[in-house]
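One file, model20.cif, is given below (mmCIF, C-alpha atoms).
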data_structure
loop_
_atom_site.label_atom_id
_atom_site.label_comp_id
_atom_site.auth_asym_id
_atom_site.auth_seq_id
_atom_site.Cartn_x
_atom_site.Cartn_y
_atom_site.Cartn_z
CA MET A 61 -5.29 -4.76 24.25
CA THR A 62 -1.71 -4.97 25.43
CA ASP A 63 1.15 -3.18 23.75
CA THR A 64 2.59 -6.46 22.41
CA ARG A 65 -0.71 -7.41 20.79
CA ALA A 66 -0.99 -3.97 19.20
CA VAL A 67 2.59 -4.26 17.88
CA THR A 68 1.85 -7.75 16.53
CA LEU A 69 -1.34 -6.59 14.77
CA ASN A 70 0.48 -3.60 13.27
CA ALA A 71 3.32 -5.89 12.11
CA LEU A 72 0.75 -8.23 10.51
CA ALA A 73 -0.77 -5.22 8.73
CA LEU A 74 2.68 -4.33 7.41
CA TYR A 75 3.25 -7.88 6.19
CA GLY A 76 -0.13 -7.66 4.43
CA LEU A 77 0.95 -4.44 2.72
CA ALA A 78 4.29 -6.03 1.81
CA LEU A 79 2.45 -8.96 0.25
CA LEU A 80 0.24 -6.59 -1.73
CA LEU A 81 3.21 -4.54 -2.97
CA THR A 82 5.08 -7.74 -3.82
CA ALA A 83 2.13 -9.06 -5.85
CA ALA A 84 1.86 -5.80 -7.82
CA PHE A 85 5.60 -5.73 -8.41
CA ALA A 86 5.66 -9.41 -9.43
CA ALA A 87 2.82 -8.88 -11.90
CA GLN A 88 4.76 -6.00 -13.41
CA LEU A 89 7.92 -8.06 -13.82
CA MET A 90 6.49 -11.48 -14.70
CA LEU A 91 3.57 -10.38 -16.89
CA HIS A 92 5.49 -7.43 -18.37
CA GLU A 93 2.62 -5.09 -17.55
CA LEU A 94 3.86 -1.65 -16.73
CA PRO A 95 1.62 0.19 -14.27
CA CYS A 96 -0.27 3.24 -15.48
CA PRO A 97 -0.03 6.55 -13.59
CA LEU A 98 -3.14 5.76 -11.49
CA CYS A 99 -1.70 2.33 -10.69
CA LEU A 100 1.54 3.96 -9.59
CA LEU A 101 -0.41 6.37 -7.40
CA GLN A 102 -2.23 3.44 -5.79
CA ARG A 103 1.10 1.76 -5.05
CA ILE A 104 2.39 4.95 -3.45
CA LEU A 105 -0.74 5.13 -1.32
CA PHE A 106 -0.33 1.50 -0.23
CA ALA A 107 3.24 2.32 0.81
CA LEU A 108 2.02 5.44 2.65
CA LEU A 109 -0.63 3.33 4.36
CA ALA A 110 2.28 1.69 6.20
CA ILE A 111 3.26 4.92 7.98
CA GLY A 112 0.64 4.50 10.73
CA PRO A 113 1.64 0.93 11.65
CA ILE A 114 5.34 1.85 11.50
CA LEU A 115 4.75 4.76 13.90
CA ASN A 116 2.68 2.49 16.16
CA ILE A 117 5.50 -0.05 16.29
CA ARG A 118 8.16 2.59 16.93
CA PHE A 119 6.37 4.94 19.35
CA GLY A 120 3.42 2.92 20.61
CA PRO A 121 -0.18 3.03 19.40
CA ARG A 122 -1.80 6.46 19.09
CA PRO A 123 -5.06 7.50 17.45
CA SER A 124 -3.16 10.01 15.30
CA HIS A 125 -1.08 7.19 13.77
CA TYR A 126 -4.21 5.29 12.84
CA ALA A 127 -5.73 8.54 11.50
CA LEU A 128 -2.80 9.01 9.10
CA SER A 129 -3.38 5.56 7.66
CA LEU A 130 -7.15 6.04 7.64
CA LEU A 131 -6.86 9.26 5.62
CA THR A 132 -4.44 7.53 3.23
CA ALA A 133 -6.86 4.62 2.79
CA VAL A 134 -9.71 7.03 1.98
CA LEU A 135 -7.53 8.76 -0.61
CA GLY A 136 -6.51 5.36 -2.02
CA ALA A 137 -10.14 4.27 -2.27
CA SER A 138 -10.89 7.51 -4.14
CA VAL A 139 -8.07 6.97 -6.64
CA SER A 140 -9.07 3.33 -7.14
CA THR A 141 -12.70 4.31 -7.61
CA ARG A 142 -11.62 6.82 -10.26
CA GLN A 143 -9.83 4.09 -12.19
CA VAL A 144 -12.70 1.64 -11.83
CA LEU A 145 -15.07 4.28 -13.20
CA LEU A 146 -12.75 4.88 -16.17
CA HIS A 147 -13.29 1.26 -17.23
CA ILE A 148 -16.88 0.63 -16.17
CA LEU A 149 -18.58 0.90 -19.55
CA PRO A 150 -19.74 -2.34 -21.18
CA GLY A 151 -17.20 -3.57 -23.70
CA ASP A 152 -14.26 -1.83 -22.03
CA ALA A 153 -11.55 -4.46 -21.59
CA GLY A 154 -9.99 -2.55 -18.69
CA TYR A 155 -6.32 -1.89 -18.11
CA GLY A 156 -3.98 -4.83 -17.65
CA SER A 157 -4.86 -8.43 -16.97
CA ALA A 158 -7.46 -9.62 -14.50
CA LEU A 159 -6.89 -11.67 -11.37
CA LEU A 160 -9.81 -13.90 -10.36
CA GLY A 161 -12.07 -11.88 -12.63
CA TYR A 162 -11.11 -8.44 -11.31
CA HIS A 163 -8.47 -6.01 -12.50
CA TYR A 164 -5.77 -4.90 -10.10
CA TYR A 165 -7.35 -1.49 -9.55
CA THR A 166 -10.60 -3.18 -8.48
CA TRP A 167 -8.62 -5.31 -6.02
CA ALA A 168 -6.95 -2.10 -4.83
CA LEU A 169 -10.36 -0.56 -4.15
CA ILE A 170 -11.39 -3.65 -2.18
CA ALA A 171 -8.10 -3.54 -0.23
CA PHE A 172 -8.43 0.16 0.58
CA ILE A 173 -12.02 -0.34 1.79
CA ALA A 174 -10.87 -3.29 3.91
CA ALA A 175 -8.10 -1.08 5.34
CA ILE A 176 -10.66 1.59 6.26
CA VAL A 177 -12.80 -0.98 8.09
CA LEU A 178 -9.81 -2.57 9.87
CA LEU A 179 -8.36 0.79 10.91
CA ALA A 180 -11.73 1.89 12.28
CA ALA A 181 -11.97 -1.40 14.19
CA MET A 182 -8.50 -0.88 15.69
CA LEU A 183 -9.55 2.54 16.91
CA LEU A 184 -12.31 0.87 18.94
CA PHE A 185 -9.75 -0.69 21.29
CA ASP A 186 -9.22 2.23 23.66
CA ARG A 187 -7.07 0.28 26.08
CA GLN A 188 -4.12 0.30 23.67
CA PHE A 189 -3.95 4.09 24.08
CA ASP A 190 -3.96 4.01 27.89
CA GLN A 191 -0.67 5.56 28.99
CA ARG A 192 -0.78 3.75 32.35
CA THR A 193 -0.67 0.31 30.75
CA ALA A 194 1.44 1.13 27.72
CA HIS A 195 5.02 -0.08 27.85
CA ILE A 196 6.97 0.97 24.81
CA THR A 197 9.50 -1.73 24.20
CA ALA A 198 11.96 -2.18 21.40
CA PRO A 199 10.21 -3.97 18.54
CA GLY A 200 11.25 -7.57 18.06
CA GLY A 201 12.51 -9.20 14.91
CA PHE A 202 8.99 -9.96 13.66
CA ALA A 203 7.98 -6.28 13.76
CA GLN A 204 11.33 -5.03 12.46
CA GLY A 205 11.15 -7.47 9.57
CA ALA A 206 7.70 -6.14 8.70
CA VAL A 207 8.90 -2.54 8.74
CA TRP A 208 11.97 -3.21 6.61
CA SER A 209 10.08 -5.36 4.11
CA VAL A 210 7.62 -2.53 3.40
CA VAL A 211 10.40 0.07 3.27
CA GLY A 212 12.42 -2.11 0.88
CA LEU A 213 9.45 -2.77 -1.39
CA ALA A 214 8.57 0.92 -1.44
CA ALA A 215 12.15 1.71 -2.46
CA LEU A 216 12.02 -0.90 -5.24
CA ASN A 217 8.76 0.60 -6.51
CA VAL A 218 10.32 4.07 -6.53
CA LEU A 219 13.26 2.73 -8.54
CA SER A 220 10.91 0.92 -10.92
CA THR A 221 8.85 4.08 -11.39
CA LEU A 222 11.98 6.08 -12.15
CA LEU A 223 12.96 3.49 -14.77
CA GLU A 224 9.44 3.49 -16.24
CA CYS A 225 8.82 7.22 -16.35
CA GLY A 226 12.26 8.79 -16.34
CA ILE A 227 12.28 12.31 -14.95
CA GLY A 228 9.19 13.45 -16.82
CA ALA A 229 5.53 12.60 -16.63
CA CYS A 230 4.59 8.95 -16.97
CA ALA A 231 2.95 7.75 -20.16
CA ASP A 232 -0.83 7.15 -19.98
CA ASN A 233 -0.38 3.66 -21.41
CA PRO A 234 3.26 2.74 -20.78
CA ILE A 235 4.85 0.05 -22.93
CA VAL A 236 8.57 0.56 -22.27
CA TYR A 237 10.87 1.66 -19.47
CA GLU A 238 11.61 5.21 -20.66
CA LEU A 239 14.88 5.59 -18.78
CA LEU A 240 16.21 2.30 -20.17
CA LYS A 241 15.06 3.22 -23.70
CA ARG A 242 16.97 6.51 -23.53
CA ALA A 243 20.10 4.77 -22.23
CA SER A 244 20.28 2.35 -25.17
#
As a first step, turn the structure in this file into structure tokens.
Amino acid sequence: MTDTRAVTLNALALYGLALLLTAAFAAQLMLHELPCPLCLLQRILFALLAIGPILNIRFGPRPSHYALSLLTAVLGASVSTRQVLLHILPGDAGYGSALLGYHYYTWALIAFIAAIVLLAAMLLFDRQFDQRTAHITAPGGFAQGAVWSVVGLAALNVLSTLLECGIGACADNPIVYELLKRAS
């Protein structure tokens, strides 16, 4: 795999993460569903999942970059599994609305498992790590756009979390933006 293909695949992964973060953020704003603490943690882990691809784009592909994302995906799958198990009993309506029959935390579990599989598959392409064929070039606009979209969405989620939780612990079942409630 050439360096440009690896950069393109990492940029596509970042655009996928940006789409996921955008969907979660849009659901929060349009459906007026504030994310619970576990949901917020899953969003943070999706944003942290982007560190490996960002490092691959900036410094060239390395197994350690993929490993950072792989460990993050495993942690994300664990957190998502915890939330799925909290709502697994018959009759439990779950938290928030469902999308195509599954709640967002179930989709998060599916996405984290998919990330684990895709990251493991990327590690199979040894040629991308060959120093003799690697040419680190400045990332193009496509890759830079991917990086900045994820960074921007992560920043917006941090701001939203600050508005929702204030400086203290987040509510288990949030219904208002705490920082805005205190300001009025």
* Using all atoms listed in the file, which of A:Leu135, A:Val207, A:Ala86, A:Leu146 sits nearest Gln102 (chain A)? ->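 When distances to Gln102 (chain A) are compared using all atoms listed in the file, the smallest one comes from A:Leu135.
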The PyMOL selection byres ((chain A and resi 99) around 10) applied to the shown file, residues as a list in words:
Ala84, Leu94, Pro95, Cys96, Pro97, Leu98, Leu100, Leu101, Gln102, Arg103, Ile104, Leu105, Val139, Ser140, Gln143, Tyr155, Tyr164, Tyr165 and Ala168 of chain A
Distance CA of Ala78 (chain A)-CA of Val144 (chain A), one decimal place?
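Between CA of Ala78 (chain A) and CA of Val144 (chain A) the gap is 23.1 Å.
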- [ ] Give me, please, the distance in Å between CA of Val211 (chain A) and CA of Leu128 (chain A), quoted to one decimal.
- [x]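 Between CA of Val211 (chain A) and CA of Leu128 (chain A) the gap is 17.0 Å.
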Which residue, A:Ala158, A:Val218, A:Ala87, A:Ile114, has the smallest gap to Tyr75 (chain A) when you use only C-alpha atoms?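 For Tyr75 (chain A), the nearest of the candidates is A:Ile114.
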* Asked: Counting all atoms listed in the file, what is within 9 Å of Pro113 (chain A), bar same-chain residues fewer than 3 positions away, as JSON, numbers by chain?
  -> {"A": [67, 69, 70, 71, 73, 74, 109, 110, 116, 117, 118, 121, 125, 126, 129, 207]}
Those same residues, written as a compact mmCIF listing (two decimals), in the coordinates of the input with C-alpha atoms?
# COMPACT_ATOMS: atom_id res chain seq x y z
CA VAL A 67 2.59 -4.26 17.88
CA LEU A 69 -1.34 -6.59 14.77
CA ASN A 70 0.48 -3.60 13.27
CA ALA A 71 3.32 -5.89 12.11
CA ALA A 73 -0.77 -5.22 8.73
CA LEU A 74 2.68 -4.33 7.41
CA LEU A 109 -0.63 3.33 4.36
CA ALA A 110 2.28 1.69 6.20
CA ASN A 116 2.68 2.49 16.16
CA ILE A 117 5.50 -0.05 16.29
CA ARG A 118 8.16 2.59 16.93
CA PRO A 121 -0.18 3.03 19.40
CA HIS A 125 -1.08 7.19 13.77
CA TYR A 126 -4.21 5.29 12.84
CA SER A 129 -3.38 5.56 7.66
CA VAL A 207 8.90 -2.54 8.74
Separating CA of Ile148 (chain A) from CA of Leu169 (chain A), to the nearest tenth of an Å, is a gap of 13.7 Å
**OP:** Would you list the residues near (6.3, -6.3, -14.7), meaning any protein, DNA or RNA residue with an atom at most 12 Å from that point in file coordinates, counting only C-alpha atoms, as a PyMOL selection string?
**Re:** chain A and resi 82-96+156-157+217+220-221+223-224+234-237
Give the centre and edge lengths of an axis-aligned box, in Å to one decimal, that holds all listed atoms of region 104-122 of chain A with 6 Å on each side, as AutoDock Vina command-line options.
--center_x 3.2 --center_y 3.2 --center_z 8.6 --size_x 22.0 --size_y 18.5 --size_z 36.1
Select, from A:Leu145, A:Leu81, A:Ala133, A:Ala214, the residue with the minimum atom-to-atom distance to Ile173 (chain A), counting all atoms listed in the file.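 Of all the options, A:Ala133 lies closest to Ile173 (chain A).
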Using only C-alpha atoms, the best pick from A:Ile170, A:Leu240, A:Leu130, A:Ala206 as closest to Leu72 (chain A) would be A:Ala206
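Across A:Arg122, A:Phe189, A:Gly136, A:Leu149, the tightest approach to Ala174 (chain A) is made by A:Gly136 when counting all atoms listed in the file.
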Of A:Gly76, A:Gly161, A:Pro123, A:Pro150, the one sitting nearest Val210 (chain A) when using all atoms listed in the file is A:Gly76
Could region 66-96 of chain A be completed with N, CA and C atoms and written as a short mmCIF file (atom, residue, chain, number, x, y, z; two decimals), in the coordinates of the input, please?
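Contents of the output file part03.cif:
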data_model
loop_
_atom_site.label_atom_id
_atom_site.label_comp_id
_atom_site.auth_asym_id
_atom_site.auth_seq_id
_atom_site.Cartn_x
_atom_site.Cartn_y
_atom_site.Cartn_z
N ALA A 66 -0.86 -5.07 20.16
CA ALA A 66 -0.99 -3.97 19.20
C ALA A 66 0.19 -3.97 18.23
N VAL A 67 1.40 -4.21 18.74
CA VAL A 67 2.59 -4.26 17.88
C VAL A 67 2.46 -5.43 16.91
N THR A 68 2.01 -6.58 17.39
CA THR A 68 1.85 -7.75 16.53
C THR A 68 0.83 -7.49 15.43
N LEU A 69 -0.31 -6.88 15.78
CA LEU A 69 -1.34 -6.59 14.77
C LEU A 69 -0.83 -5.58 13.75
N ASN A 70 -0.08 -4.58 14.20
CA ASN A 70 0.48 -3.60 13.27
C ASN A 70 1.54 -4.25 12.37
N ALA A 71 2.33 -5.17 12.93
CA ALA A 71 3.32 -5.89 12.11
C ALA A 71 2.61 -6.76 11.07
N LEU A 72 1.52 -7.42 11.47
CA LEU A 72 0.75 -8.23 10.51
C LEU A 72 0.18 -7.35 9.40
N ALA A 73 -0.28 -6.15 9.75
CA ALA A 73 -0.77 -5.22 8.73
C ALA A 73 0.35 -4.86 7.75
N LEU A 74 1.55 -4.65 8.28
CA LEU A 74 2.68 -4.33 7.41
C LEU A 74 3.03 -5.50 6.50
N TYR A 75 2.99 -6.72 7.04
CA TYR A 75 3.25 -7.88 6.19
C TYR A 75 2.18 -8.01 5.11
N GLY A 76 0.93 -7.66 5.43
CA GLY A 76 -0.13 -7.66 4.43
C GLY A 76 0.15 -6.66 3.32
N LEU A 77 0.59 -5.46 3.71
CA LEU A 77 0.95 -4.44 2.72
C LEU A 77 2.15 -4.89 1.89
N ALA A 78 3.12 -5.53 2.54
CA ALA A 78 4.29 -6.03 1.81
C ALA A 78 3.87 -7.09 0.80
N LEU A 79 2.95 -7.94 1.18
CA LEU A 79 2.45 -8.96 0.25
C LEU A 79 1.75 -8.31 -0.94
N LEU A 80 0.96 -7.30 -0.67
CA LEU A 80 0.24 -6.59 -1.73
C LEU A 80 1.22 -5.90 -2.69
N LEU A 81 2.21 -5.21 -2.13
CA LEU A 81 3.21 -4.54 -2.97
C LEU A 81 4.04 -5.55 -3.76
N THR A 82 4.33 -6.69 -3.14
CA THR A 82 5.08 -7.74 -3.82
C THR A 82 4.28 -8.30 -5.00
N ALA A 83 2.99 -8.52 -4.79
CA ALA A 83 2.13 -9.06 -5.85
C ALA A 83 2.06 -8.08 -7.03
N ALA A 84 1.92 -6.80 -6.74
CA ALA A 84 1.86 -5.80 -7.82
C ALA A 84 3.19 -5.75 -8.56
N PHE A 85 4.28 -5.78 -7.81
CA PHE A 85 5.60 -5.73 -8.41
C PHE A 85 5.88 -6.99 -9.23
N ALA A 86 5.47 -8.14 -8.71
CA ALA A 86 5.66 -9.41 -9.43
C ALA A 86 4.86 -9.43 -10.73
N ALA A 87 3.63 -8.93 -10.68
CA ALA A 87 2.82 -8.88 -11.90
C ALA A 87 3.49 -7.98 -12.94
N GLN A 88 4.07 -6.91 -12.49
CA GLN A 88 4.76 -6.00 -13.41
C GLN A 88 5.95 -6.69 -14.06
N LEU A 89 6.71 -7.43 -13.29
CA LEU A 89 7.92 -8.06 -13.82
C LEU A 89 7.62 -9.34 -14.59
N MET A 90 6.73 -10.18 -14.07
CA MET A 90 6.49 -11.48 -14.70
C MET A 90 5.53 -11.40 -15.88
N LEU A 91 4.53 -10.51 -15.80
CA LEU A 91 3.57 -10.38 -16.89
C LEU A 91 3.94 -9.26 -17.86
N HIS A 92 5.02 -8.55 -17.55
CA HIS A 92 5.49 -7.43 -18.37
C HIS A 92 4.41 -6.38 -18.57
N GLU A 93 3.65 -6.12 -17.51
CA GLU A 93 2.62 -5.09 -17.55
C GLU A 93 3.09 -3.90 -16.74
N LEU A 94 3.43 -2.84 -17.44
CA LEU A 94 3.86 -1.65 -16.73
C LEU A 94 2.65 -0.94 -16.14
N PRO A 95 2.76 -0.48 -14.90
CA PRO A 95 1.62 0.19 -14.27
C PRO A 95 1.38 1.58 -14.87
N CYS A 96 0.12 1.91 -15.00
CA CYS A 96 -0.27 3.24 -15.48
C CYS A 96 -0.08 4.26 -14.35
#
